[in-house]
Structure formats: C-alpha cells, structure tokens
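Asker: I'd like to ask some things about the structure below.
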Amino acid sequence: MKISVVSLLLLITGTASGFTAPHLSARASAVRMASAVEAEAFVQSDRVVMEELPTLYVYDHCPFCVRVRIALGIKNIKYLVNFMANDDIPTPTALVGKKIAPIFELPSDKLIMAESLDIIKLIDSDERFGPIGQIAPATDRTEIKAWQKSVQLLLRTLQRPRYVATGLLPEFQQLDARHAFIKNHQLPPYDKPEWKGNEENPDGMDMDEKLELYAEAMAKDPAPLIEELNAKLVELDDVVFSEHYCSEGGLSYDDIDLWARLRSITVIKGVQWPAKLRNYMDNLAALGDVPLYDAMAL
C-alpha cells in the first residue's frame, strides 16, 4: 500500500501542515532443541452456534480485546463483534459503567462482563461453549515476559502512529476518534503524566504538540527502529516452542497473550519475521479467525 506523507498527516491531524541475537539461556536452548521435534497442531472442536449469539465489544488494535477474539476463534464459537469508536464513551459506560474494552455480552444469561482473562475463563469452563479446558493454563515463561518488556517502548514508537495513520481500523474511522487516541496515548520518550497531565500540570501536553509529535513519528525514516525490531524478533523466535504454540505442552494462555501482542507488529511495513515465528503468526490467525494487518502495513 503506497501512501504519501501528506495523506498521513491528514489522517492524523486533520491538516496537512500539522504534521545480533543475544546468547541463549539454558532454557531457551532446550526450547529450541525440543521444538525441532514436529509439534502437533491444535484440532478445533465442532462449531458452536448459540440461539442468541454473544456479542463482543472491542477496539481492533487492543491486545486485550484480541485475547478474547482469538480464544473464541480457537474454541470455534460464533459471535458478533461490535467495533466501538475510540471516542465512544456512552456505549461501554452503559454496559459496564466506564470506558473499557473488551466487553462480553451473553443475552441468554443476561450477562455483561469485562476483563479479558475472566471472559476467556468463562467460555472455557462452560460446556455450552464446547469442550472445557481446551486452553491450557499459563506457564512460567519469564523469558517471554522479559522480551515483551524489552520491546515496549520500541513498539509504542512504531505502532501507535500507524494505528491512526492507516485510516482503516474501525475504531479510528473519524477524526475525533483518532484525536481521542492521540490525546491519551503518549509516544516515547514521554511518560503518561507528562502527556496526560499531573498535579503540577493538570492539562498535560498541548494537543497541537501531541498531533505534531505523531505526525513527526510517521514522517521519520523507520529503518533504524525496524532493524532493531527485526533483531528482537530473531531473539523471540529462539524461545518460541513451535509454529503452533509458544510453550511446550500445547496451546495455552501463553499463546493467548503473546499472539495478541505480536499481531500489532504486522501493521509495521518492512518487518522481517523469522520463519518459525511468521508461521506461528499465520497459523494462529487462521485458527483464531483474527486477521493480521499485513495488507494495510505502513
């Protein structure tokens, strides 16, 4: 997809002017050796179609929302998806009392609930949603958690401007929604209090300055940051168990969390995925029925 810098600035601001892998640990080495043995793919159970379909209220880019979407897909449950605009406060507030996502609504039980892991626990422990316990418990993959922490600022820098710049994500279809996201989501090196406000500066950073920083982030050559990210993905590839699940023992909450976070990397054009990790992304996208962003990458 080709798009001009001027077009990016218009999407973000509404005006054209605003705008080598480290040494492996012993456990990582063991994972690499074990995964050399072909792992079996997860086999879905029969399709679950309730008389009254559950509804999931989400933002497409939100990893916590993606957790639930991929879990529902893994369990082969048919459901309705309601993509809320990013500046839509009344809808979630009417459902659960505040602006939050995801929100799960089960009409047959007159149930409305939030919190991604609580929702997944519900659907994997109720026989109406198919066999119970299909998603294994989380394991103590401290090296994966450490990896996620190590790329946090890097991914914020690359992903956040692209979410609003594509003009294609459903929650950012209107300028007000894009501005609501920019208003509340800081770019490095700024922290949340500097961006949104604190006791010394309750109003936080001026909105025009935020818009300019987002526009500058999109206009800047991303090559050095993408090179850094490519190296980090090689590092992660070494500790992912197989192309079907990230931890030995089968599909688990480890995958629910990791894949949901990795999905947003596909909005970044030019990323080079190691083979096993790319297959992992594609396999779980198909299994969970949650598309990747490759076709709209910037």
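Chains: A, B, ... in order of the structure tokens. Residues: from 1 per chain. Ligands: from 1, in order shown.
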Give me the residues of segment 240-271 of chain A that have any atom at most 12 Å from an atom of segment 43-54 of chain A; for each, the nearest atom pair and the distance in Å, rounded to one decimal. Use only C-alpha atoms, sort by chain and number, and format it as CSV.

Answerer:
```
residue,atom,partner,partner_atom,distance
A:His244,CA,A:Val43,CA,10.7
A:Gly250,CA,A:Val43,CA,10.8
A:Leu251,CA,A:Val43,CA,10.2
```

Asker: Quick one: write out the picked residues with N, CA, C and O atoms as a PDB file, in the first residue's frame?

Answerer:
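The file below, result.pdb, is the result:
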```
ATOM      1  N   HIS A 244       3.018 -23.747  16.169  1.00  0.00           N
ATOM      2  CA  HIS A 244       1.625 -23.930  16.570  1.00  0.00           C
ATOM      3  C   HIS A 244       1.325 -23.396  17.965  1.00  0.00           C
ATOM      4  O   HIS A 244       0.186 -23.030  18.253  1.00  0.00           O
ATOM      5  N   GLY A 250       1.401 -27.587  24.448  1.00  0.00           N
ATOM      6  CA  GLY A 250       0.200 -27.290  23.688  1.00  0.00           C
ATOM      7  C   GLY A 250      -0.281 -25.863  23.821  1.00  0.00           C
ATOM      8  O   GLY A 250       0.328 -25.024  24.497  1.00  0.00           O
ATOM      9  N   LEU A 251      -1.382 -25.585  23.169  1.00  0.00           N
ATOM     10  CA  LEU A 251      -1.959 -24.244  23.134  1.00  0.00           C
ATOM     11  C   LEU A 251      -2.381 -23.822  24.540  1.00  0.00           C
ATOM     12  O   LEU A 251      -3.079 -24.555  25.241  1.00  0.00           O
TER      13      LEU A 251
END
```

Asker: Tell me, which residues of segment 158-297 of chain A carry DSSP helix (DSSP H, G or I), written as a ChimeraX atom specification?

Answerer: /A:158-165,170-172,175-184,192-196,207-219,223-237,253-267,275-288,294-296

Asker: Please provide as JSON, numbers by chain all residues within 9 Å of segment 124-127 of chain A, with the sequence filter that same-chain residues fewer than 6 positions apart are discarded (counting only C-alpha atoms).

Answerer: {"A": [71, 75, 133, 134, 135]}

Asker: Which of segment 36-201 of chain A end up as strand (DSSP E) when DSSP is run on this backbone - answer as a ChimeraX atom specification?

Answerer: /A:55-58,80-83,103-106,111-114

Asker: Those same residues - all heavy atoms - I'd like them written as a CSV table (one decimal), in the first residue's frame.

Answerer:
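Output (again.csv):
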```
chain,number,residue,atom,x,y,z
A,55,THR,N,-22.2,-11.2,22.1
A,55,THR,CA,-21.6,-10.0,21.4
A,55,THR,C,-20.3,-9.6,22.2
A,55,THR,O,-20.3,-9.6,23.4
A,55,THR,CB,-22.6,-8.9,21.4
A,55,THR,OG1,-23.7,-9.2,20.6
A,55,THR,CG2,-21.9,-7.6,20.7
A,56,LEU,N,-19.3,-9.3,21.4
A,56,LEU,CA,-18.0,-8.9,22.0
A,56,LEU,C,-17.8,-7.4,21.5
A,56,LEU,O,-17.7,-7.2,20.3
A,56,LEU,CB,-16.9,-9.8,21.6
A,56,LEU,CG,-15.5,-9.5,22.2
A,56,LEU,CD1,-15.6,-9.8,23.7
A,56,LEU,CD2,-14.4,-10.3,21.6
A,57,TYR,N,-17.7,-6.5,22.4
A,57,TYR,CA,-17.4,-5.1,22.1
A,57,TYR,C,-15.9,-4.9,22.3
A,57,TYR,O,-15.3,-5.2,23.3
A,57,TYR,CB,-18.2,-4.2,23.1
A,57,TYR,CG,-19.7,-4.3,23.1
A,57,TYR,CD1,-20.3,-5.4,23.7
A,57,TYR,CD2,-20.4,-3.4,22.3
A,57,TYR,CE1,-21.7,-5.5,23.7
A,57,TYR,CE2,-21.8,-3.5,22.3
A,57,TYR,CZ,-22.4,-4.6,22.9
A,57,TYR,OH,-23.8,-4.7,22.9
A,58,VAL,N,-15.3,-4.4,21.2
A,58,VAL,CA,-13.8,-4.3,21.1
A,58,VAL,C,-13.3,-3.0,20.4
A,58,VAL,O,-14.1,-2.3,19.8
A,58,VAL,CB,-13.2,-5.5,20.4
A,58,VAL,CG1,-13.6,-6.8,21.1
A,58,VAL,CG2,-13.7,-5.5,18.9
A,80,LEU,N,-20.9,-12.2,17.7
A,80,LEU,CA,-21.0,-10.9,17.0
A,80,LEU,C,-19.9,-10.0,17.5
A,80,LEU,O,-19.5,-10.0,18.7
A,80,LEU,CB,-22.3,-10.3,17.2
A,80,LEU,CG,-23.6,-11.1,16.8
A,80,LEU,CD1,-24.9,-10.4,17.3
A,80,LEU,CD2,-23.6,-11.3,15.3
A,81,VAL,N,-19.3,-9.2,16.6
A,81,VAL,CA,-18.3,-8.2,17.0
A,81,VAL,C,-18.8,-6.8,16.8
A,81,VAL,O,-19.3,-6.5,15.7
A,81,VAL,CB,-17.0,-8.4,16.2
A,81,VAL,CG1,-15.9,-7.5,16.7
A,81,VAL,CG2,-16.6,-9.8,16.1
A,82,ASN,N,-18.7,-6.0,17.9
A,82,ASN,CA,-19.1,-4.6,17.8
A,82,ASN,C,-17.8,-3.8,18.0
A,82,ASN,O,-17.3,-3.7,19.1
A,82,ASN,CB,-20.1,-4.3,18.9
A,82,ASN,CG,-20.7,-2.9,18.8
A,82,ASN,OD1,-19.9,-1.9,18.5
A,82,ASN,ND2,-21.9,-2.7,19.1
A,83,PHE,N,-17.3,-3.2,16.9
A,83,PHE,CA,-16.1,-2.4,17.0
A,83,PHE,C,-16.6,-1.0,17.4
A,83,PHE,O,-17.2,-0.2,16.6
A,83,PHE,CB,-15.4,-2.3,15.6
A,83,PHE,CG,-14.8,-3.6,15.2
A,83,PHE,CD1,-15.4,-4.4,14.2
A,83,PHE,CD2,-13.6,-4.0,15.8
A,83,PHE,CE1,-14.8,-5.6,13.8
A,83,PHE,CE2,-13.0,-5.2,15.4
A,83,PHE,CZ,-13.6,-6.0,14.4
A,103,ILE,N,-15.7,-6.0,26.2
A,103,ILE,CA,-16.9,-6.3,27.0
A,103,ILE,C,-17.6,-7.4,26.3
A,103,ILE,O,-17.8,-7.4,25.1
A,103,ILE,CB,-17.8,-5.0,27.0
A,103,ILE,CG1,-17.1,-3.9,27.7
A,103,ILE,CG2,-19.1,-5.4,27.8
A,103,ILE,CD1,-17.8,-2.5,27.6
A,104,PHE,N,-18.0,-8.4,27.1
A,104,PHE,CA,-18.7,-9.6,26.6
A,104,PHE,C,-20.1,-9.6,27.1
A,104,PHE,O,-20.4,-9.5,28.2
A,104,PHE,CB,-18.0,-10.9,27.1
A,104,PHE,CG,-18.5,-12.2,26.6
A,104,PHE,CD1,-18.3,-12.5,25.2
A,104,PHE,CD2,-19.1,-13.1,27.4
A,104,PHE,CE1,-18.8,-13.8,24.8
A,104,PHE,CE2,-19.6,-14.3,27.0
A,104,PHE,CZ,-19.4,-14.6,25.6
A,105,GLU,N,-21.1,-9.8,26.1
A,105,GLU,CA,-22.5,-9.8,26.4
A,105,GLU,C,-23.1,-11.2,26.0
A,105,GLU,O,-23.0,-11.6,24.8
A,105,GLU,CB,-23.2,-8.7,25.7
A,105,GLU,CG,-24.7,-8.6,26.0
A,105,GLU,CD,-25.4,-7.4,25.4
A,105,GLU,OE1,-24.8,-6.8,24.4
A,105,GLU,OE2,-26.5,-7.0,25.9
A,106,LEU,N,-23.7,-11.8,27.0
A,106,LEU,CA,-24.3,-13.1,26.7
A,106,LEU,C,-25.8,-13.0,27.0
A,106,LEU,O,-26.3,-13.1,28.1
A,106,LEU,CB,-23.7,-14.2,27.6
A,106,LEU,CG,-24.1,-15.6,27.4
A,106,LEU,CD1,-23.8,-16.1,26.0
A,106,LEU,CD2,-23.4,-16.5,28.4
A,111,LEU,N,-26.1,-11.6,30.9
A,111,LEU,CA,-24.7,-11.4,31.4
A,111,LEU,C,-24.0,-10.4,30.6
A,111,LEU,O,-23.9,-10.5,29.4
A,111,LEU,CB,-24.0,-12.7,31.5
A,111,LEU,CG,-22.5,-12.6,31.9
A,111,LEU,CD1,-22.3,-12.2,33.4
A,111,LEU,CD2,-21.8,-13.9,31.6
A,112,ILE,N,-23.4,-9.4,31.3
A,112,ILE,CA,-22.4,-8.5,30.6
A,112,ILE,C,-21.2,-8.4,31.5
A,112,ILE,O,-21.3,-8.1,32.7
A,112,ILE,CB,-23.1,-7.1,30.5
A,112,ILE,CG1,-24.3,-7.1,29.6
A,112,ILE,CG2,-22.0,-6.1,29.9
A,112,ILE,CD1,-25.1,-5.8,29.5
A,113,MET,N,-20.0,-8.6,31.0
A,113,MET,CA,-18.8,-8.6,31.8
A,113,MET,C,-17.6,-8.1,31.0
A,113,MET,O,-17.6,-8.1,29.8
A,113,MET,CB,-18.5,-10.0,32.3
A,113,MET,CG,-18.2,-11.0,31.2
A,113,MET,SD,-17.9,-12.7,31.8
A,113,MET,CE,-16.5,-12.5,32.9
A,114,ALA,N,-16.6,-7.6,31.8
A,114,ALA,CA,-15.4,-7.1,31.2
A,114,ALA,C,-14.2,-7.9,31.7
A,114,ALA,O,-14.5,-9.0,32.3
A,114,ALA,CB,-15.2,-5.6,31.6
```

Asker: Taking into account only C-alpha atoms, which residue in the set A:Leu213, A:Ala219, A:Ala101, A:Ala260 is nearest to Ile89 of chain A?

Answerer: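 Answer, going by the shortest atom-to-atom distance: A:Ala101.
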
Asker: Considering only C-alpha atoms, give me a table of residues in segment 116-166 of chain A that are at most 12 Å from segment 275-295 of chain A, with the closest atom pair and distance in Å for each, as CSV.

Answerer:
```
residue,atom,partner,partner_atom,distance
A:Gln159,CA,A:Tyr293,CA,11.3
A:Arg162,CA,A:Tyr293,CA,10.8
A:Tyr163,CA,A:Tyr293,CA,10.2
A:Thr166,CA,A:Tyr293,CA,10.2
```

Asker: Would you export the selected residues with N, CA and C atoms as a PDB file, in the first residue's frame, please?

Answerer:
```
ATOM      1  N   GLN A 159       4.143   1.465  16.486  1.00  0.00           N
ATOM      2  CA  GLN A 159       2.757   1.045  16.284  1.00  0.00           C
ATOM      3  C   GLN A 159       1.743   2.170  16.455  1.00  0.00           C
ATOM      4  N   ARG A 162       0.937   4.414  13.578  1.00  0.00           N
ATOM      5  CA  ARG A 162       0.389   3.666  12.453  1.00  0.00           C
ATOM      6  C   ARG A 162      -1.067   3.258  12.665  1.00  0.00           C
ATOM      7  N   TYR A 163      -1.444   3.012  13.907  1.00  0.00           N
ATOM      8  CA  TYR A 163      -2.848   2.708  14.174  1.00  0.00           C
ATOM      9  C   TYR A 163      -3.759   3.792  13.608  1.00  0.00           C
ATOM     10  N   THR A 166      -3.347   4.630   9.364  1.00  0.00           N
ATOM     11  CA  THR A 166      -3.853   3.776   8.284  1.00  0.00           C
ATOM     12  C   THR A 166      -5.192   4.275   7.763  1.00  0.00           C
TER      13      THR A 166
END
```
